[in-house]
>>> print(open('target-v8.csv').read())   # CSV, C-alpha atoms and all ligand atoms
chain,number,residue,atom,x,y,z
A,212,THR,CA,13.4,-52.4,-47.8
A,213,GLY,CA,16.2,-52.6,-50.3
A,214,VAL,CA,14.4,-50.1,-52.5
A,215,PHE,CA,13.8,-47.9,-49.6
A,216,ALA,CA,17.4,-47.9,-48.6
A,217,ALA,CA,18.4,-47.1,-52.2
A,218,LEU,CA,16.0,-44.2,-52.2
A,219,MET,CA,17.4,-42.9,-48.9
A,220,ILE,CA,20.9,-43.0,-50.3
A,221,CYS,CA,19.8,-41.1,-53.4
A,222,ALA,CA,18.1,-38.5,-51.2
A,223,ALA,CA,21.2,-38.1,-49.1
A,224,MET,CA,23.3,-37.6,-52.3
A,225,LEU,CA,20.9,-35.0,-53.6
A,226,CYS,CA,21.1,-33.1,-50.3
A,227,SER,CA,24.8,-33.0,-50.4
A,228,VAL,CA,24.9,-31.3,-53.8
A,229,SER,CA,22.4,-28.5,-52.9
A,230,PRO,CA,24.1,-25.1,-52.4
A,231,VAL,CA,24.2,-25.2,-48.6
A,232,SER,CA,23.8,-28.6,-47.1
A,233,ALA,CA,22.1,-28.8,-43.7
A,234,ALA,CA,25.4,-29.7,-42.0
A,235,ASP,CA,27.1,-26.5,-43.3
A,236,VAL,CA,24.4,-24.1,-42.1
A,237,ILE,CA,25.8,-21.8,-39.4
A,238,LYS,CA,23.3,-21.5,-36.6
A,239,LEU,CA,23.4,-18.5,-34.4
A,240,SER,CA,21.2,-17.7,-31.4
A,241,TYR,CA,20.2,-14.1,-30.6
A,242,ALA,CA,18.9,-13.2,-27.1
A,243,ASN,CA,16.8,-10.1,-26.5
A,244,PHE,CA,15.2,-9.0,-23.2
A,245,PRO,CA,12.0,-7.1,-23.9
A,246,PRO,CA,8.8,-8.5,-25.6
A,247,ALA,CA,8.7,-9.2,-29.3
A,248,LYS,CA,6.7,-6.2,-30.2
A,249,THR,CA,9.2,-3.7,-28.9
A,250,PHE,CA,11.8,-1.9,-31.1
A,251,PRO,CA,14.9,-3.9,-29.9
A,252,CYS,CA,13.1,-7.0,-31.1
A,253,VAL,CA,11.7,-5.5,-34.3
A,254,GLN,CA,15.3,-4.5,-35.3
A,255,MET,CA,16.5,-8.0,-34.4
A,256,GLU,CA,14.0,-9.6,-36.8
A,257,ARG,CA,15.1,-7.2,-39.5
A,258,TRP,CA,18.8,-8.0,-38.9
A,259,LYS,CA,18.1,-11.8,-39.0
A,260,GLN,CA,16.2,-11.4,-42.3
A,261,GLU,CA,18.9,-9.4,-43.9
A,262,VAL,CA,21.7,-11.7,-42.8
A,263,GLU,CA,19.9,-14.8,-43.9
A,264,LYS,CA,19.1,-13.2,-47.3
A,265,ARG,CA,22.6,-11.8,-47.9
A,266,THR,CA,24.4,-15.0,-47.0
A,267,ASN,CA,22.0,-17.1,-49.2
A,268,GLY,CA,20.9,-19.2,-46.3
A,269,LYS,CA,24.4,-20.0,-45.1
A,270,VAL,CA,23.5,-18.5,-41.8
A,271,LEU,CA,20.4,-19.2,-39.8
A,272,VAL,CA,19.6,-16.9,-36.9
A,273,GLN,CA,17.3,-18.2,-34.1
A,274,THR,CA,15.8,-15.3,-32.2
A,275,TYR,CA,14.7,-15.3,-28.6
A,276,PRO,CA,12.7,-12.2,-27.6
A,277,GLY,CA,11.2,-11.6,-24.2
A,278,SER,CA,14.0,-12.9,-22.0
A,279,THR,CA,13.4,-16.5,-23.2
A,280,LEU,CA,17.1,-17.2,-23.5
A,281,LEU,CA,18.9,-14.4,-21.5
A,282,GLY,CA,17.4,-11.5,-19.5
A,283,ALA,CA,18.1,-7.7,-19.4
A,284,LYS,CA,21.0,-8.1,-16.9
A,285,THR,CA,22.3,-11.6,-17.8
A,286,THR,CA,22.8,-11.0,-21.5
A,287,LEU,CA,26.3,-9.4,-21.1
A,288,ARG,CA,27.8,-12.3,-19.2
A,289,GLY,CA,25.7,-14.9,-21.2
A,290,VAL,CA,27.0,-13.7,-24.5
A,291,MET,CA,30.6,-13.6,-23.1
A,292,GLN,CA,30.2,-17.2,-22.0
A,293,GLY,CA,28.5,-18.4,-25.2
A,294,GLN,CA,25.1,-19.2,-23.8
A,295,ALA,CA,23.9,-17.1,-26.8
A,296,SER,CA,25.9,-16.2,-29.8
A,297,ILE,CA,24.4,-12.7,-30.0
A,298,GLY,CA,22.6,-10.5,-27.5
A,299,CYS,CA,21.0,-7.1,-27.1
A,300,ILE,CA,21.9,-4.8,-24.2
A,301,SER,CA,20.7,-1.5,-23.0
A,302,LEU,CA,23.9,0.2,-21.7
A,303,ALA,CA,22.1,2.1,-18.9
A,304,TYR,CA,21.4,-1.2,-17.1
A,305,HIS,CA,25.1,-1.6,-16.4
A,306,PRO,CA,26.3,1.6,-14.6
A,307,GLY,CA,30.1,1.9,-14.7
A,308,VAL,CA,30.6,-0.8,-17.2
A,309,PHE,CA,30.7,1.5,-20.3
A,310,PRO,CA,32.5,4.6,-19.3
A,311,LEU,CA,32.8,5.9,-22.8
A,312,SER,CA,29.6,4.9,-24.5
A,313,SER,CA,27.5,6.0,-21.5
A,314,VAL,CA,28.1,9.6,-22.8
A,315,PHE,CA,24.9,8.9,-24.8
A,316,GLU,CA,22.9,8.7,-21.5
A,317,LEU,CA,23.6,12.4,-20.9
A,318,PRO,CA,21.2,15.2,-21.8
A,319,LEU,CA,23.0,16.3,-25.0
A,320,GLY,CA,20.1,17.6,-26.9
A,321,PHE,CA,19.5,14.9,-29.5
A,322,THR,CA,16.0,15.2,-30.9
A,323,THR,CA,15.7,12.0,-32.9
A,324,ALA,CA,16.7,8.3,-32.6
A,325,THR,CA,18.1,8.5,-36.1
A,326,SER,CA,20.7,11.2,-35.4
A,327,ALA,CA,21.6,9.7,-32.0
A,328,SER,CA,22.0,6.2,-33.4
A,329,LEU,CA,24.3,7.4,-36.2
A,330,ALA,CA,26.3,9.5,-33.8
A,331,LEU,CA,26.7,6.6,-31.4
A,332,TRP,CA,27.8,4.2,-34.2
A,333,ASP,CA,30.4,6.8,-35.5
A,334,LEU,CA,31.7,7.2,-31.9
A,335,TYR,CA,32.1,3.5,-31.6
A,336,GLU,CA,33.9,3.1,-34.9
A,337,LYS,CA,36.2,6.0,-34.1
A,338,TYR,CA,37.2,5.0,-30.6
A,339,GLN,CA,36.7,1.2,-30.6
A,340,PRO,CA,36.3,1.5,-26.8
A,341,LYS,CA,38.0,-1.1,-24.8
A,342,GLU,CA,34.8,-1.6,-22.7
A,343,PHE,CA,33.7,-3.8,-25.6
A,344,LYS,CA,37.0,-5.7,-26.1
A,345,ARG,CA,35.5,-9.1,-25.1
A,346,PHE,CA,32.8,-8.8,-27.8
A,347,LYS,CA,32.3,-8.2,-31.5
A,348,VAL,CA,29.9,-5.2,-31.7
A,349,LEU,CA,27.5,-5.8,-34.6
A,350,THR,CA,25.6,-2.6,-34.4
A,351,MET,CA,24.5,0.1,-32.0
A,352,PHE,CA,21.5,2.4,-31.8
A,353,THR,CA,19.5,4.4,-29.3
A,354,SER,CA,15.9,5.0,-28.2
A,355,ALA,CA,14.2,8.3,-29.0
A,356,PRO,CA,14.6,11.1,-26.5
A,357,SER,CA,13.1,10.4,-23.1
A,358,ASN,CA,9.9,11.8,-21.7
A,359,LEU,CA,7.7,11.3,-18.6
A,360,MET,CA,4.8,8.8,-18.7
A,361,THR,CA,2.8,9.1,-15.5
A,362,LYS,CA,-0.4,8.0,-13.7
A,363,ALA,CA,-1.0,11.6,-12.4
A,364,PRO,CA,-0.2,14.7,-14.4
A,365,VAL,CA,3.2,16.3,-14.2
A,366,ARG,CA,2.5,19.9,-15.3
A,367,LYS,CA,5.4,21.7,-13.6
A,368,LEU,CA,8.8,20.8,-12.2
A,369,GLU,CA,7.3,20.9,-8.7
A,370,ASP,CA,5.0,18.0,-9.5
A,371,LEU,CA,8.1,15.8,-9.8
A,372,LYS,CA,9.1,16.2,-6.1
A,373,GLY,CA,9.4,12.8,-4.5
A,374,LEU,CA,7.6,11.1,-7.3
A,375,GLU,CA,8.7,7.5,-7.8
A,376,LEU,CA,9.6,7.0,-11.4
A,377,ARG,CA,11.3,4.2,-13.2
A,378,ALA,CA,14.5,4.8,-15.2
A,379,SER,CA,18.0,3.4,-15.5
A,380,GLY,CA,21.6,4.5,-15.4
A,381,ILE,CA,22.4,8.2,-15.9
A,382,LEU,CA,18.7,8.7,-16.7
A,383,SER,CA,17.9,7.9,-13.1
A,384,LYS,CA,20.4,10.6,-12.1
A,385,ILE,CA,18.6,13.0,-14.4
A,386,LEU,CA,15.3,12.3,-12.5
A,387,GLU,CA,17.1,12.7,-9.2
A,388,SER,CA,18.5,16.1,-10.3
A,389,LEU,CA,14.9,17.2,-11.0
A,390,GLY,CA,13.7,16.2,-7.5
A,391,ALA,CA,12.0,12.9,-8.4
A,392,THR,CA,12.7,9.6,-6.7
A,393,PRO,CA,14.2,7.3,-9.4
A,394,VAL,CA,13.7,3.5,-9.1
A,395,SER,CA,16.2,1.8,-11.4
A,396,MET,CA,15.1,-1.3,-13.3
A,397,PRO,CA,15.1,-2.6,-16.8
A,398,MET,CA,12.2,-2.0,-19.1
A,399,SER,CA,11.3,-5.7,-18.9
A,400,ALA,CA,10.6,-5.3,-15.2
A,401,THR,CA,8.5,-2.1,-15.6
A,402,PRO,CA,5.0,-3.5,-16.4
A,403,GLU,CA,4.9,-5.3,-13.0
A,404,ALA,CA,6.3,-2.3,-11.1
A,405,LEU,CA,3.7,0.0,-12.6
A,406,GLN,CA,0.9,-2.5,-11.9
A,407,LYS,CA,1.9,-3.0,-8.3
A,408,GLY,CA,2.3,0.7,-7.8
A,409,VAL,CA,6.0,0.5,-6.9
A,410,VAL,CA,6.5,3.3,-9.4
A,411,LYS,CA,4.0,6.0,-10.5
A,412,GLY,CA,5.4,6.3,-14.0
A,413,LEU,CA,8.5,6.0,-16.1
A,414,PHE,CA,11.1,8.0,-18.0
A,415,SER,CA,11.8,6.6,-21.5
A,416,SER,CA,10.7,7.0,-25.1
A,417,PHE,CA,7.0,7.1,-26.2
A,418,ASP,CA,7.2,3.9,-28.3
A,419,VAL,CA,6.3,1.9,-25.1
A,420,LEU,CA,2.9,3.6,-24.7
A,421,LYS,CA,1.8,1.3,-27.5
A,422,ASP,CA,4.2,-1.7,-27.5
A,423,LEU,CA,3.9,-2.3,-23.7
A,424,ASN,CA,0.4,-0.8,-23.5
A,425,PHE,CA,1.7,1.8,-20.9
A,426,ALA,CA,-0.8,4.3,-22.2
A,427,GLU,CA,-3.5,2.4,-20.4
A,428,ILE,CA,-2.0,3.0,-16.9
A,429,CYS,CA,0.0,6.2,-17.7
A,430,ARG,CA,-2.5,8.6,-19.2
A,431,TYR,CA,-0.3,11.7,-18.8
A,432,GLU,CA,2.7,12.3,-21.0
A,433,THR,CA,5.0,15.2,-20.2
A,434,VAL,CA,7.3,16.2,-23.0
A,435,THR,CA,10.9,16.8,-21.8
A,436,ASN,CA,12.9,15.3,-24.8
A,437,THR,CA,15.9,14.6,-22.6
A,438,ALA,CA,18.5,11.9,-22.9
A,439,VAL,CA,18.3,8.7,-25.0
A,440,TYR,CA,19.1,5.2,-24.0
A,441,PRO,CA,22.0,3.7,-26.0
A,442,PHE,CA,22.0,0.0,-27.0
A,443,ALA,CA,24.7,-2.4,-28.3
A,444,ILE,CA,24.3,-5.7,-30.2
A,445,ILE,CA,27.1,-7.8,-29.0
A,446,MET,CA,28.4,-11.1,-30.3
A,447,ASN,CA,30.5,-13.8,-28.6
A,448,MET,CA,34.1,-13.4,-29.7
A,449,LYS,CA,34.7,-17.1,-30.5
A,450,ALA,CA,31.5,-17.4,-32.4
A,451,TRP,CA,32.6,-14.3,-34.4
A,452,ASN,CA,36.1,-15.6,-35.1
A,453,ASP,CA,34.6,-18.9,-36.3
A,454,LEU,CA,32.6,-17.2,-39.1
A,455,PRO,CA,33.9,-17.4,-42.6
A,456,ASP,CA,35.1,-14.1,-44.1
A,457,ASP,CA,32.2,-13.7,-46.5
A,458,VAL,CA,29.7,-13.9,-43.6
A,459,LYS,CA,31.8,-11.5,-41.5
A,460,LYS,CA,31.7,-9.0,-44.4
A,461,VAL,CA,27.9,-9.2,-44.7
A,462,MET,CA,27.6,-8.5,-40.9
A,463,ASN,CA,30.2,-5.7,-41.0
A,464,ASP,CA,28.5,-4.1,-43.9
A,465,LEU,CA,25.2,-4.1,-42.0
A,466,GLY,CA,26.6,-2.3,-38.9
A,467,ARG,CA,25.9,1.3,-39.9
A,468,GLU,CA,22.9,0.5,-42.0
A,469,GLN,CA,21.2,-1.3,-39.1
A,470,ALA,CA,21.9,1.7,-36.8
A,471,GLN,CA,20.1,4.0,-39.2
A,472,TRP,CA,17.3,1.6,-40.0
A,473,THR,CA,16.6,1.2,-36.3
A,474,GLY,CA,16.7,4.9,-35.6
A,475,GLU,CA,14.3,5.6,-38.5
A,476,TYR,CA,12.0,2.8,-37.4
A,477,MET,CA,12.0,4.3,-33.8
A,478,ASP,CA,11.3,7.9,-34.9
A,479,GLN,CA,8.3,6.8,-37.0
A,480,HIS,CA,7.1,4.4,-34.3
A,481,VAL,CA,7.0,7.1,-31.7
A,482,LYS,CA,4.6,9.0,-33.9
A,483,ASP,CA,2.5,6.0,-34.5
A,484,SER,CA,2.5,5.1,-30.8
A,485,LEU,CA,1.3,8.6,-29.7
A,486,ALA,CA,-1.4,8.7,-32.3
A,487,TRP,CA,-2.6,5.2,-31.2
A,488,ALA,CA,-2.5,6.2,-27.5
A,489,GLU,CA,-4.5,9.4,-28.2
A,490,GLU,CA,-7.1,7.4,-30.1
A,491,LYS,CA,-7.4,4.5,-27.7
A,492,TYR,CA,-6.9,6.1,-24.3
A,493,SER,CA,-7.2,9.9,-24.9
A,494,ILE,CA,-3.9,10.5,-23.3
A,495,GLU,CA,-3.1,14.1,-22.4
A,496,MET,CA,0.1,15.6,-23.8
A,497,ILE,CA,1.7,18.1,-21.4
A,498,LYS,CA,4.3,20.8,-22.1
A,499,MET,CA,6.1,22.4,-19.2
A,500,SER,CA,6.7,26.2,-19.2
A,501,ASP,CA,9.8,27.6,-20.8
A,502,ALA,CA,11.1,28.5,-17.3
A,503,ASP,CA,10.8,24.9,-16.2
A,504,MET,CA,12.4,23.6,-19.4
A,505,GLN,CA,15.3,26.0,-18.8
A,506,ALA,CA,15.5,24.8,-15.1
A,507,ILE,CA,15.7,21.2,-16.4
A,508,ARG,CA,18.6,22.0,-18.6
A,509,GLU,CA,20.4,23.9,-15.8
A,510,LYS,CA,19.8,21.2,-13.2
A,511,THR,CA,21.2,18.4,-15.4
A,512,VAL,CA,24.3,20.1,-16.6
A,513,PRO,CA,26.4,18.9,-13.6
A,514,LEU,CA,25.8,15.3,-14.8
A,515,ILE,CA,28.0,16.1,-17.8
A,516,GLU,CA,30.8,17.1,-15.4
A,517,ASP,CA,30.3,13.9,-13.4
A,518,TRP,CA,30.6,11.8,-16.5
A,519,LYS,CA,33.7,13.7,-17.6
A,520,LYS,CA,35.4,13.0,-14.2
A,521,LYS,CA,34.6,9.3,-14.3
A,522,ALA,CA,35.5,8.9,-17.9
A,523,THR,CA,38.8,10.7,-17.4
A,524,GLY,CA,39.5,8.4,-14.5
A,525,ALA,CA,39.0,5.5,-16.8
A,526,GLY,CA,41.6,6.8,-19.2
A,527,ILE,CA,39.2,8.3,-21.7
A,528,ALA,CA,39.8,11.6,-23.6
A,529,ALA,CA,36.4,12.9,-22.2
A,530,SER,CA,36.5,16.4,-23.8
A,531,ALA,CA,37.4,15.0,-27.2
A,532,VAL,CA,34.5,12.5,-26.9
A,533,LEU,CA,32.0,15.2,-26.0
A,534,SER,CA,33.1,17.4,-28.8
A,535,ASP,CA,33.0,14.5,-31.3
A,536,VAL,CA,29.5,13.7,-30.2
A,537,GLU,CA,28.4,17.4,-30.5
A,538,ALA,CA,29.9,17.6,-34.0
A,539,SER,CA,27.9,14.5,-35.0
A,540,ARG,CA,24.8,15.9,-33.5
A,541,LEU,CA,25.1,19.0,-35.5
A,542,LYS,CA,25.9,17.0,-38.7
A,543,TYR,CA,23.0,14.6,-38.3
A,544,GLU,CA,20.4,17.1,-37.1
A,545,ALA,CA,21.2,19.6,-39.8
B,1,LIG,C1,13.4,0.4,-24.4
B,1,LIG,C2,13.8,-0.8,-23.9
B,1,LIG,C3,13.1,-2.0,-24.2
B,1,LIG,C4,12.0,-2.0,-24.9
B,1,LIG,C5,11.5,-0.8,-25.5
B,1,LIG,C6,12.2,0.4,-25.2
B,1,LIG,N1,11.9,1.7,-25.5
B,1,LIG,C7,12.9,2.5,-25.0
B,1,LIG,C8,13.8,1.7,-24.3
B,1,LIG,C9,15.0,2.3,-23.6
B,1,LIG,C10,15.4,1.5,-22.5
B,1,LIG,O1,16.3,0.7,-22.5
B,1,LIG,C11,14.7,1.7,-21.2
B,1,LIG,O2,15.0,0.9,-20.3
B,1,LIG,O3,14.0,2.6,-21.1
>>> encode(input="target-v8.csv", output="structure tokens", more="lines below")
Ligand code: 3IO
Amino acid sequence: TGVFAALMICAAMLCSVSPVSAADVIKLSYANFPPAKTFPCVQMERWKQEVEKRTNGKVLVQTYPGSTLLGAKTTLRGVMQGQASIGCISLAYHPGVFPLSSVFELPLGFTTATSASLALWDLYEKYQPKEFKRFKVLTMFTSAPSNLMTKAPVRKLEDLKGLELRASGILSKILESLGATPVSMPMSATPEALQKGVVKGLFSSFDVLKDLNFAEICRYETVTNTAVYPFAIIMNMKAWNDLPDDVKKVMNDLGREQAQWTGEYMDQHVKDSLAWAEEKYSIEMIKMSDADMQAIREKTVPLIEDWKKKATGAGIAASAVLSDVEASRLKYEA
């Protein structure tokens, strides 16, 4: 036993001279609400990999997809209270909480997730909105523009009348403006609602046809290319403040890059998802008439005015925000 003890002491000494000893590793937990295959979790794994690599193993990120640590609506408070160090939130699940950033839920004409994600990150950096003051925001990004995925075909605006469709936040109001009956719930609750028939389809981006297998139940896809869903990756403020400066720098340097990476991943994945769904389920892609597309634009314009009023009431320079977003759209979609 004397030899064994001596060996153990040697082993302990060896450990302590390695570049990062086990006791020094910073462990962070990262909560995400949808299943691992979906884009918020794919970008989470990419961020984890980059951070672990760029900090030479000084930081270890433990990821929790599929609401295994915190759910779609509990992540905001959970990260604030430190139940997770980091969390992913879809802003549309929290109406009224993000009066500035919710501008990205409006039908502003973005055609890609890449341009919308970069524009969202620029807006965040410029305004540093106080709606995030309790958090460190690590990155932001958006879904691709939203479309209708339904069990029965929606060929014209009239077909939407009274149709129960799942959406969230201002995107639910867009559906309402078009005569549908929106049912607001997070993406993570949607598979069950579709199965049970509580909703007859959903309003989101086409990536979920594949990642959540919605193509099986929603064989009709009507292209509207309306608003995107904005996301934020938030970190507990104390956990952030406790990080050494070199680690903070790695994460700060990743903010914009991660927004762009996620947008580009999403735009490519929408194409892959549609091709997969056409092959596997022979989905039908539907385009509405020019007149209906024009009607959609006209019916949803008042939502921009609604947002302006609410934002102004919250002390936000709403017109300046809208023109900054429009300038970014033109810049990134050029
Ligand atoms: C989304 C949310 C979770 C997983 C995949 C997703 N694709 C698009 C979204 C946007 C969103 O938050 C939503 O609820 O539609």
>>> residues_around(input="target-v8.csv", residues="Gly380 in chain A", least_positions_apart="2", cutoff="7 Å", atoms="all atoms listed in the file", output="ChimeraX atom specification")
/A:303-304,306,382-383
>>> residues_near_ligand(input="target-v8.csv", ligand="ligand LIG 1 (chain B)", cutoff="9 Å", atoms="all atoms listed in the file", output="PyMOL selection string")
chain A and resi 244-246+248-252+283+300-304+353-357+377-380+382+396-399+401+413-419+422-423+439-442+477
>>> atom_distance(input="target-v8.csv", atom1="CA of His305 in chain A", atom2="CA of Lys284 in chain A")
7.7 Å
>>> closest_residue(input="target-v8.csv", among="A:Asp453, A:Glu316, A:Glu509, A:Glu336", to="Ser388 in chain A", atoms="only C-alpha atoms")
A:Glu509
>>> closest_residue(input="target-v8.csv", among="A:Leu280, A:Ala330, A:Val253, A:Leu287", to="Leu541 in chain A", atoms="only C-alpha atoms")
A:Ala330
>>> closest_residue(input="target-v8.csv", among="A:Lys372, A:Phe425, A:Val512, A:Ile445", to="Ala391 in chain A", atoms="all atoms listed in the file")
A:Lys372
>>> closest_residue(input="target-v8.csv", among="A:Ile494, A:Met255, A:Val270, A:Ala438", to="Gly320 in chain A", atoms="only C-alpha atoms")
A:Ala438
>>> residues_around(input="target-v8.csv", residues="Val434 in chain A", least_positions_apart="4", cutoff="10 Å", atoms="all atoms listed in the file", output="ChimeraX atom specification")
/A:356-360,365-366,417,496-499,504
>>> atom_distance(input="target-v8.csv", atom1="CA of Gly298 in chain A", atom2="CA of Ser240 in chain A")
8.3 Å
>>> residues_near_point(input="target-v8.csv", point="(21.8, -17.7, -26.6)", cutoff="9 Å", atoms="all atoms listed in the file", output="PyMOL selection string")
chain A and resi 239-242+273-275+280-281+286+289-290+293-298
>>> residues_around(input="target-v8.csv", residues="range 516-528 of chain A", least_positions_apart="2", cutoff="12 Å", atoms="all atoms listed in the file", output="count of residues only")
33
>>> atom_distance(input="target-v8.csv", atom1="CA of Ser395 in chain A", atom2="CA of Glu489 in chain A")
27.7 Å
>>> closest_residue(input="target-v8.csv", among="A:Met291, A:Leu465, A:Ala545, A:Glu375", to="Gln260 in chain A", atoms="only C-alpha atoms")
A:Leu465
>>> residues_around(input="target-v8.csv", residues="Asn267 in chain A", least_positions_apart="3", cutoff="9 Å", atoms="all atoms listed in the file", output="ChimeraX atom specification")
/A:230-231,262-264,270
>>> residues_near_point(input="target-v8.csv", point="(6.6, 19.3, -11.4)", cutoff="10 Å", atoms="all atoms listed in the file", output="mmCIF file with C-alpha atoms, keeping the file's coordinate frame")
data_model
loop_
_atom_site.group_PDB
_atom_site.id
_atom_site.type_symbol
_atom_site.label_atom_id
_atom_site.label_comp_id
_atom_site.auth_asym_id
_atom_site.auth_seq_id
_atom_site.Cartn_x
_atom_site.Cartn_y
_atom_site.Cartn_z
ATOM 1 C CA PRO A 364 -0.200 14.700 -14.400
ATOM 2 C CA VAL A 365 3.200 16.300 -14.200
ATOM 3 C CA ARG A 366 2.500 19.900 -15.300
ATOM 4 C CA LYS A 367 5.400 21.700 -13.600
ATOM 5 C CA LEU A 368 8.800 20.800 -12.200
ATOM 6 C CA GLU A 369 7.300 20.900 -8.700
ATOM 7 C CA ASP A 370 5.000 18.000 -9.500
ATOM 8 C CA LEU A 371 8.100 15.800 -9.800
ATOM 9 C CA LYS A 372 9.100 16.200 -6.100
ATOM 10 C CA GLY A 373 9.400 12.800 -4.500
ATOM 11 C CA LEU A 374 7.600 11.100 -7.300
ATOM 12 C CA LEU A 389 14.900 17.200 -11.000
ATOM 13 C CA GLY A 390 13.700 16.200 -7.500
ATOM 14 C CA ALA A 391 12.000 12.900 -8.400
ATOM 15 C CA THR A 433 5.000 15.200 -20.200
ATOM 16 C CA MET A 499 6.100 22.400 -19.200
ATOM 17 C CA ASP A 503 10.800 24.900 -16.200
#
